[in-house]
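Text of final.cif, listed as mmCIF, C-alpha atoms:
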data_upload
#
loop_
_atom_site.label_atom_id
_atom_site.label_comp_id
_atom_site.auth_asym_id
_atom_site.auth_seq_id
_atom_site.Cartn_x
_atom_site.Cartn_y
_atom_site.Cartn_z
CA MET K 1 90.20 89.96 133.56
CA THR K 2 89.21 91.09 137.04
CA THR K 3 89.79 94.67 138.13
CA PRO K 4 91.37 94.72 141.60
CA HIS K 5 89.31 96.22 144.35
CA HIS K 6 90.42 99.74 145.25
CA ARG K 7 91.92 100.15 148.69
CA PHE K 8 90.83 103.33 150.43
CA HIS K 9 94.15 105.11 149.97
CA HIS K 10 94.83 103.82 146.46
CA PRO K 11 94.67 106.74 143.97
CA PRO K 12 92.52 106.30 140.85
CA VAL K 13 94.45 105.26 137.77
CA GLU K 14 93.23 108.30 135.84
CA GLY K 15 96.07 110.15 137.56
CA LEU K 16 98.55 107.61 136.26
CA GLU K 17 97.11 107.86 132.76
CA LYS K 18 97.85 111.59 132.92
CA GLN K 19 101.42 110.89 134.02
CA LEU K 20 101.86 108.35 131.23
CA GLY K 21 100.19 110.50 128.60
CA VAL K 22 98.10 107.48 127.62
CA THR K 23 94.35 106.98 128.03
CA PHE K 24 93.30 103.33 128.03
CA GLU K 25 90.09 102.21 126.40
CA ASN K 26 90.50 98.94 128.25
CA ARG K 27 91.44 100.29 131.66
CA ASN K 28 91.53 96.76 133.06
CA LEU K 29 94.86 96.36 131.26
CA LEU K 30 96.34 99.25 133.21
CA HIS K 31 94.91 97.94 136.48
CA LEU K 32 96.43 94.53 135.79
CA ALA K 33 99.84 96.05 135.02
CA LEU K 34 99.85 97.45 138.56
CA VAL K 35 99.04 94.22 140.43
CA HIS K 36 102.05 92.85 142.29
CA ARG K 37 101.95 89.15 143.06
CA SER K 38 101.89 89.89 146.82
CA TYR K 39 98.45 91.45 146.36
CA LEU K 40 96.92 88.14 145.27
CA ASN K 41 97.49 86.60 148.69
CA GLU K 42 95.26 89.18 150.36
CA ARG K 43 92.53 89.89 147.80
CA ASN K 44 90.16 87.13 146.76
CA ASN K 45 88.88 89.15 143.80
CA ALA K 46 92.37 89.54 142.28
CA THR K 47 93.31 86.40 140.40
CA GLU K 48 96.20 87.51 138.19
CA SER K 49 99.37 89.54 138.76
CA ASN K 50 101.24 91.73 136.30
CA GLU K 51 103.88 89.08 135.58
CA ARG K 52 102.53 88.03 132.16
CA LEU K 53 102.33 91.67 131.07
CA GLU K 54 105.85 92.16 132.42
CA PHE K 55 107.01 89.27 130.24
CA LEU K 56 105.44 90.89 127.18
CA GLY K 57 106.72 94.34 128.04
CA ASP K 58 110.25 93.02 128.46
CA ALA K 59 110.16 91.69 124.89
CA VAL K 60 108.72 94.97 123.54
CA LEU K 61 111.39 96.94 125.41
CA SER K 62 114.23 94.85 124.05
CA LEU K 63 112.96 95.05 120.46
CA VAL K 64 112.27 98.80 120.52
CA VAL K 65 115.66 99.61 122.06
CA ALA K 66 117.54 97.23 119.73
CA ASP K 67 115.78 98.66 116.66
CA TYR K 68 116.50 102.23 117.76
CA LEU K 69 120.19 101.57 118.41
CA PHE K 70 120.57 99.64 115.15
CA ARG K 71 119.22 102.59 113.16
CA GLN K 72 120.86 105.31 115.25
CA PHE K 73 124.38 103.89 115.12
CA PRO K 74 124.88 102.20 111.73
CA ASP K 75 128.66 102.06 112.14
CA ARG K 76 128.90 100.59 115.64
CA PRO K 77 129.68 96.87 115.98
CA GLU K 78 127.36 94.36 117.61
CA GLY K 79 129.31 94.33 120.89
CA GLU K 80 128.94 98.08 121.43
CA LEU K 81 125.24 97.98 120.56
CA THR K 82 124.78 95.17 123.07
CA ASP K 83 126.51 97.18 125.80
CA LEU K 84 124.34 100.21 125.09
CA ARG K 85 121.16 98.14 125.12
CA SER K 86 122.16 96.52 128.41
CA ALA K 87 122.69 99.94 129.98
CA LEU K 88 119.29 101.13 128.72
CA VAL K 89 117.21 98.15 129.82
CA ARG K 90 118.88 97.46 133.16
CA ARG K 91 116.75 97.35 136.30
CA GLU K 92 118.04 100.64 137.67
CA THR K 93 117.12 102.50 134.48
CA LEU K 94 113.59 101.11 134.38
CA ALA K 95 113.10 101.83 138.09
CA LYS K 96 114.22 105.43 137.53
CA TRP K 97 111.70 105.85 134.72
CA ALA K 98 108.98 104.33 136.89
CA ALA K 99 109.82 106.73 139.71
CA GLN K 100 109.71 109.70 137.34
CA LEU K 101 106.23 108.61 136.26
CA GLN K 102 105.19 108.10 139.91
CA ILE K 103 104.12 104.54 139.19
CA GLY K 104 104.88 103.36 142.72
CA GLN K 105 101.94 105.14 144.36
CA TYR K 106 99.49 103.34 142.05
CA LEU K 107 100.72 99.79 142.65
CA TYR K 108 98.49 97.13 144.18
CA LEU K 109 100.68 95.56 146.84
CA GLY K 110 100.18 93.14 149.68
CA LYS K 111 100.25 94.72 153.11
CA GLY K 112 103.65 93.32 154.00
CA GLU K 113 105.18 94.36 150.69
CA ASP K 114 103.72 97.83 151.08
CA GLN K 115 104.98 98.27 154.64
CA THR K 116 108.52 97.17 153.75
CA GLY K 117 108.97 99.77 151.03
CA GLY K 118 107.71 97.91 147.99
CA ARG K 119 106.51 101.09 146.31
CA SER K 120 110.09 102.35 145.99
CA ARG K 121 111.85 98.99 145.49
CA ALA K 122 113.80 98.95 142.24
CA LEU K 123 112.77 95.44 141.22
CA THR K 124 109.08 96.12 141.82
CA LEU K 125 109.17 99.42 139.95
CA ALA K 126 111.12 98.01 137.01
CA SER K 127 108.70 95.09 136.72
CA ALA K 128 105.70 97.43 136.81
CA PHE K 129 107.25 99.63 134.13
CA GLU K 130 107.64 96.65 131.82
CA ALA K 131 104.09 95.52 132.57
CA ILE K 132 102.74 98.97 131.70
CA LEU K 133 104.71 98.93 128.46
CA GLY K 134 103.16 95.55 127.70
CA ALA K 135 99.71 96.97 128.41
CA ILE K 136 100.34 99.94 126.11
CA TYR K 137 101.46 97.52 123.39
CA LEU K 138 98.25 95.50 123.69
CA GLU K 139 96.13 98.64 123.81
CA ARG K 140 97.78 100.68 121.08
CA GLY K 141 100.11 98.40 119.12
CA HIS K 142 103.85 98.35 118.52
CA SER K 143 104.17 101.74 116.84
CA GLU K 144 102.52 103.73 119.62
CA ALA K 145 104.27 101.71 122.32
CA ALA K 146 107.59 102.59 120.66
CA ASN K 147 106.63 106.25 120.35
CA TRP K 148 105.78 106.33 124.05
CA LEU K 149 109.04 104.67 125.08
CA LEU K 150 111.57 106.36 122.80
CA PRO K 151 111.64 109.81 124.45
CA LEU K 152 112.73 108.12 127.67
CA VAL K 153 115.31 106.05 125.78
CA GLU K 154 116.75 109.02 123.91
CA LYS K 155 117.21 111.13 127.03
CA GLU K 156 118.77 108.25 128.94
CA LEU K 157 121.10 107.41 126.08
CA VAL K 158 122.61 110.90 126.16
CA GLU K 159 123.39 110.45 129.86
CA ILE K 160 124.81 106.95 129.32
CA LEU K 161 127.15 108.10 126.57
CA THR K 162 128.21 111.20 128.51
CA GLU K 163 128.94 109.25 131.70
CA GLY K 164 130.32 106.14 129.97
CA ARG K 165 127.85 103.90 131.79
CA HIS K 166 127.79 101.40 128.92
CA TYR K 167 131.34 100.31 129.66
CA ASP K 168 132.00 97.40 132.00
CA TYR K 169 134.59 99.12 134.15
CA LYS K 170 134.61 96.27 136.67
CA GLY K 171 135.53 93.85 133.92
CA LEU K 172 138.24 96.14 132.54
CA LEU K 173 139.72 96.67 136.01
CA GLN K 174 139.71 92.96 136.76
CA LYS K 175 141.35 92.11 133.44
CA ALA K 176 144.15 94.63 134.01
CA ALA K 177 144.75 93.47 137.59
CA GLN K 178 144.81 89.79 136.68
CA LYS K 179 147.14 90.33 133.74
CA THR K 180 149.78 92.13 135.81
CA PHE K 181 149.27 90.98 139.40
CA HIS K 182 147.45 87.67 138.91
CA THR K 183 144.78 88.68 141.40
CA THR K 184 141.40 90.42 141.30
CA PRO K 185 140.20 93.69 142.82
CA THR K 186 137.79 93.62 145.74
CA TYR K 187 135.01 96.04 146.63
CA GLN K 188 134.32 97.24 150.15
CA VAL K 189 131.30 99.22 151.35
CA VAL K 190 132.63 102.35 153.05
CA SER K 191 129.32 103.94 154.00
CA GLU K 192 125.57 103.86 153.46
CA ARG K 193 123.23 106.79 153.83
CA GLY K 194 119.68 107.77 153.05
CA LEU K 195 116.30 106.27 153.88
CA GLU K 196 115.95 102.53 154.14
CA HIS K 197 114.71 102.11 150.59
CA GLU K 198 116.58 105.07 149.08
CA ARG K 199 120.10 104.09 150.05
CA ILE K 200 123.24 105.64 148.61
CA PHE K 201 126.22 103.30 148.81
CA GLU K 202 129.84 104.44 148.86
CA ILE K 203 132.24 101.70 147.83
CA GLU K 204 136.01 101.42 147.50
CA ALA K 205 137.78 99.42 144.82
CA ARG K 206 140.89 97.84 146.33
CA LEU K 207 143.80 95.77 145.21
CA GLY K 208 145.26 94.18 148.29
CA GLY K 209 145.74 96.92 150.85
CA ARG K 210 145.71 99.74 148.32
CA THR K 211 142.58 101.78 147.63
CA LEU K 212 142.36 102.54 143.92
CA GLY K 213 139.12 104.50 143.80
CA ARG K 214 135.76 105.25 145.37
CA GLY K 215 132.30 105.50 143.90
CA GLU K 216 128.70 106.11 144.92
CA GLY K 217 125.42 104.74 143.64
CA SER K 218 121.85 103.86 144.48
CA THR K 219 122.80 100.18 144.34
CA LYS K 220 126.00 98.37 145.23
CA LEU K 221 126.49 97.40 141.59
CA ILE K 222 126.32 101.01 140.37
CA ALA K 223 128.68 102.12 143.14
CA GLN K 224 131.11 99.33 142.24
CA GLN K 225 131.08 100.32 138.58
CA THR K 226 131.70 103.96 139.52
CA ALA K 227 134.55 102.97 141.83
CA ALA K 228 136.04 100.79 139.09
CA ARG K 229 135.84 103.67 136.60
CA VAL K 230 137.80 105.89 139.02
CA ALA K 231 140.22 103.07 139.85
CA LEU K 232 141.09 102.02 136.30
CA PRO K 233 143.43 104.95 135.41
CA VAL K 234 144.99 104.71 138.87
CA LEU K 235 145.79 101.04 138.30
CA GLN K 236 147.09 101.78 134.81
CA ALA K 237 149.43 104.44 136.22
CA TRP K 238 150.61 101.99 138.90
CA ILE K 239 151.36 99.35 136.28
CA ALA K 240 153.21 101.89 134.12
CA GLU K 241 155.58 102.63 137.02
CA LEU K 242 156.64 99.00 137.38
CA PRO K 243 160.06 98.04 135.99
CA ALA K 244 159.43 96.82 132.46
CA GLU K 245 161.98 94.03 132.69
CA THR K 246 160.82 92.63 136.02
CA GLY K 247 157.08 93.18 136.01
CA PRO K 248 155.29 93.26 139.35
CA GLN K 249 157.92 91.13 141.11
CA GLU K 250 161.26 92.54 142.20
CA GLU K 251 164.45 90.92 141.01
CA THR K 252 165.10 89.52 144.50
CA GLY K 253 162.02 87.35 144.16
CA LYS K 254 160.10 89.30 146.78
CA GLU K 255 156.62 90.31 145.68
CA SER K 256 156.59 93.68 147.40
CA GLU K 257 154.56 95.20 144.56
CA LYS K 258 152.17 92.30 144.27
CA PRO K 259 149.03 93.01 146.30
CA SER K 260 147.54 90.56 148.74
CA ASN K 261 143.88 89.61 148.89
CA GLU K 262 143.26 90.69 152.43
CA SER K 263 140.05 92.57 151.64
CA LYS K 264 136.81 90.69 151.28
CA PRO K 265 134.54 91.51 148.35
CA VAL K 266 131.15 93.12 148.86
#

For this file, write the structure as structure tokens.
Amino acid sequence: MTTPHHRFHHPPVEGLEKQLGVTFENRNLLHLALVHRSYLNERNNATESNERLEFLGDAVLSLVVADYLFRQFPDRPEGELTDLRSALVRRETLAKWAAQLQIGQYLYLGKGEDQTGGRSRALTLASAFEAILGAIYLERGHSEAANWLLPLVEKELVEILTEGRHYDYKGLLQKAAQKTFHTTPTYQVVSERGLEHERIFEIEARLGGRTLGRGEGSTKLIAQQTAARVALPVLQAWIAELPAETGPQEETGKESEKPSNESKPV
């Protein structure tokens, strides 16, 4: 395993070890976990990226989270446990943890990747987080890897349950709209703000020409889910106001209540 050559501005990994709370006997493992594939194109001495460690870390992550949820919620059915696990291991969650640990500043990136914001890109950060977890597993074993990960999981789980982020609000909104109006909601970007690689998206959930709700998020998907969460009770109230005997169509045959699909999805 070849240790990548330090670039002048690349901080020593001892600082990252302090952030992680883990000291590696085999520091080459930690170095390797930080090597993005773009780095290989520019450094002859680097022959392997972090992708194999990412693969391993992904498996460790899934097992640790599944085991924790299984033991923590003995009465919840498989479907709910799956939704909770999905919310915990999603890219945005892993990228947030990586940012909290300041992993981005330690990454070995190709020049182009570095200059285009790779150190703050969610996919890159999430992949590096999984690679580091894989390295910790190889260095310390399953038990210590789980002990390192679980404090992050437990804190995030409280937020997920409080905010209801484990529910698929887009799916619920679409199901309700299709059942009553035989059409699907669309999502429109209203605004974007923030730095190029730290965008905040504001998105509207619409049914035809009617805006049902707005939401914000660091990705379009998160903003869409937030908008759908706001929109769902609005749609339910709209449906409740329809004449029970006629449904969404008026008795004359005109579909004045039935929305059109004039908006284009995001």

Can you turn the PyMOL selection byres ((chain K and resi 132-137) around 7) into a concrete residue list for this file, as a list in words? Leu29, Leu30, Ala33, Leu53, Glu54, Leu56, Gly57, Val60, Ala128, Phe129, Glu130, Ala131, Leu138, Glu139, Arg140, Gly141, His142 and Ala145 of chain K

Once the PyMOL selection byres ((chain K and resi 114) around 12) is applied to the coordinates I shared, what remains selected? I want it as a list in words.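 The output of the PyMOL selection byres ((chain K and resi 114) around 12) on this file is His10, His36, Arg37, Ser38, Tyr39, Gly104, Gln105, Tyr106, Leu107, Tyr108, Leu109, Gly110, Lys111, Gly112, Glu113, Gln115, Thr116, Gly117, Gly118, Arg119, Ser120, Arg121, Thr124 and His197 of chain K.
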
If I take CA of Leu232 (chain K) and CA of Arg214 (chain K), how far is one from the other in Å, to one decimal? 11.0 Å

When distances are computed from all atoms listed in the file, which of K:Glu78, K:Glu144, K:Asp58, K:Asp67 shows the smallest separation from Arg90 (chain K)?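 Between K:Glu78, K:Glu144, K:Asp58, K:Asp67, the residue approaching Arg90 (chain K) most closely is K:Asp58.
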
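Picture a line from CA of Gly194 (chain K) to CA of Gly209 (chain K); it runs 28.3 Å.
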
Ranking K:Ser143, K:Arg76, K:Pro233, K:Trp97 by minimum distance to Ala176 (chain K) and counting only C-alpha atoms, which one comes first?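 The shortest atom-to-atom distance to Ala176 (chain K) comes from K:Pro233.
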
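Note that the spacing between CA of Lys175 (chain K) and CA of Asp75 (chain K) amounts to 26.7 Å.
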
From the list K:Ala177, K:Ile203, K:Leu94, K:Ala126, which residue is nearest Ile239 (chain K) when using only C-alpha atoms?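 Counting only C-alpha atoms, the residue closest to Ile239 (chain K) is K:Ala177.
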
Distance criterion (only C-alpha atoms): nearest to Leu221 (chain K) out of K:Asn147, K:Gln188, K:Gln19, K:Gln236: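 Under the stated criterion, the closest residue is K:Gln188.
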
From the set K:Leu149, K:Leu81, K:Val35, K:Leu207, which residue has the shortest atom-to-atom contact distance to Val22 (chain K), counting all atoms listed in the file?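 Between K:Leu149, K:Leu81, K:Val35, K:Leu207, the residue approaching Val22 (chain K) most closely is K:Leu149.
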
Closest of K:Thr47, K:Gly208, K:Tyr169, K:Ala227 to Val190 (chain K), counting all atoms listed in the file, is K:Ala227

Resolved residues for the PyMOL selection byres ((chain K and resi 160) around 12) as number ranges by chain: K: 83-90, 93, 153-159, 161-167
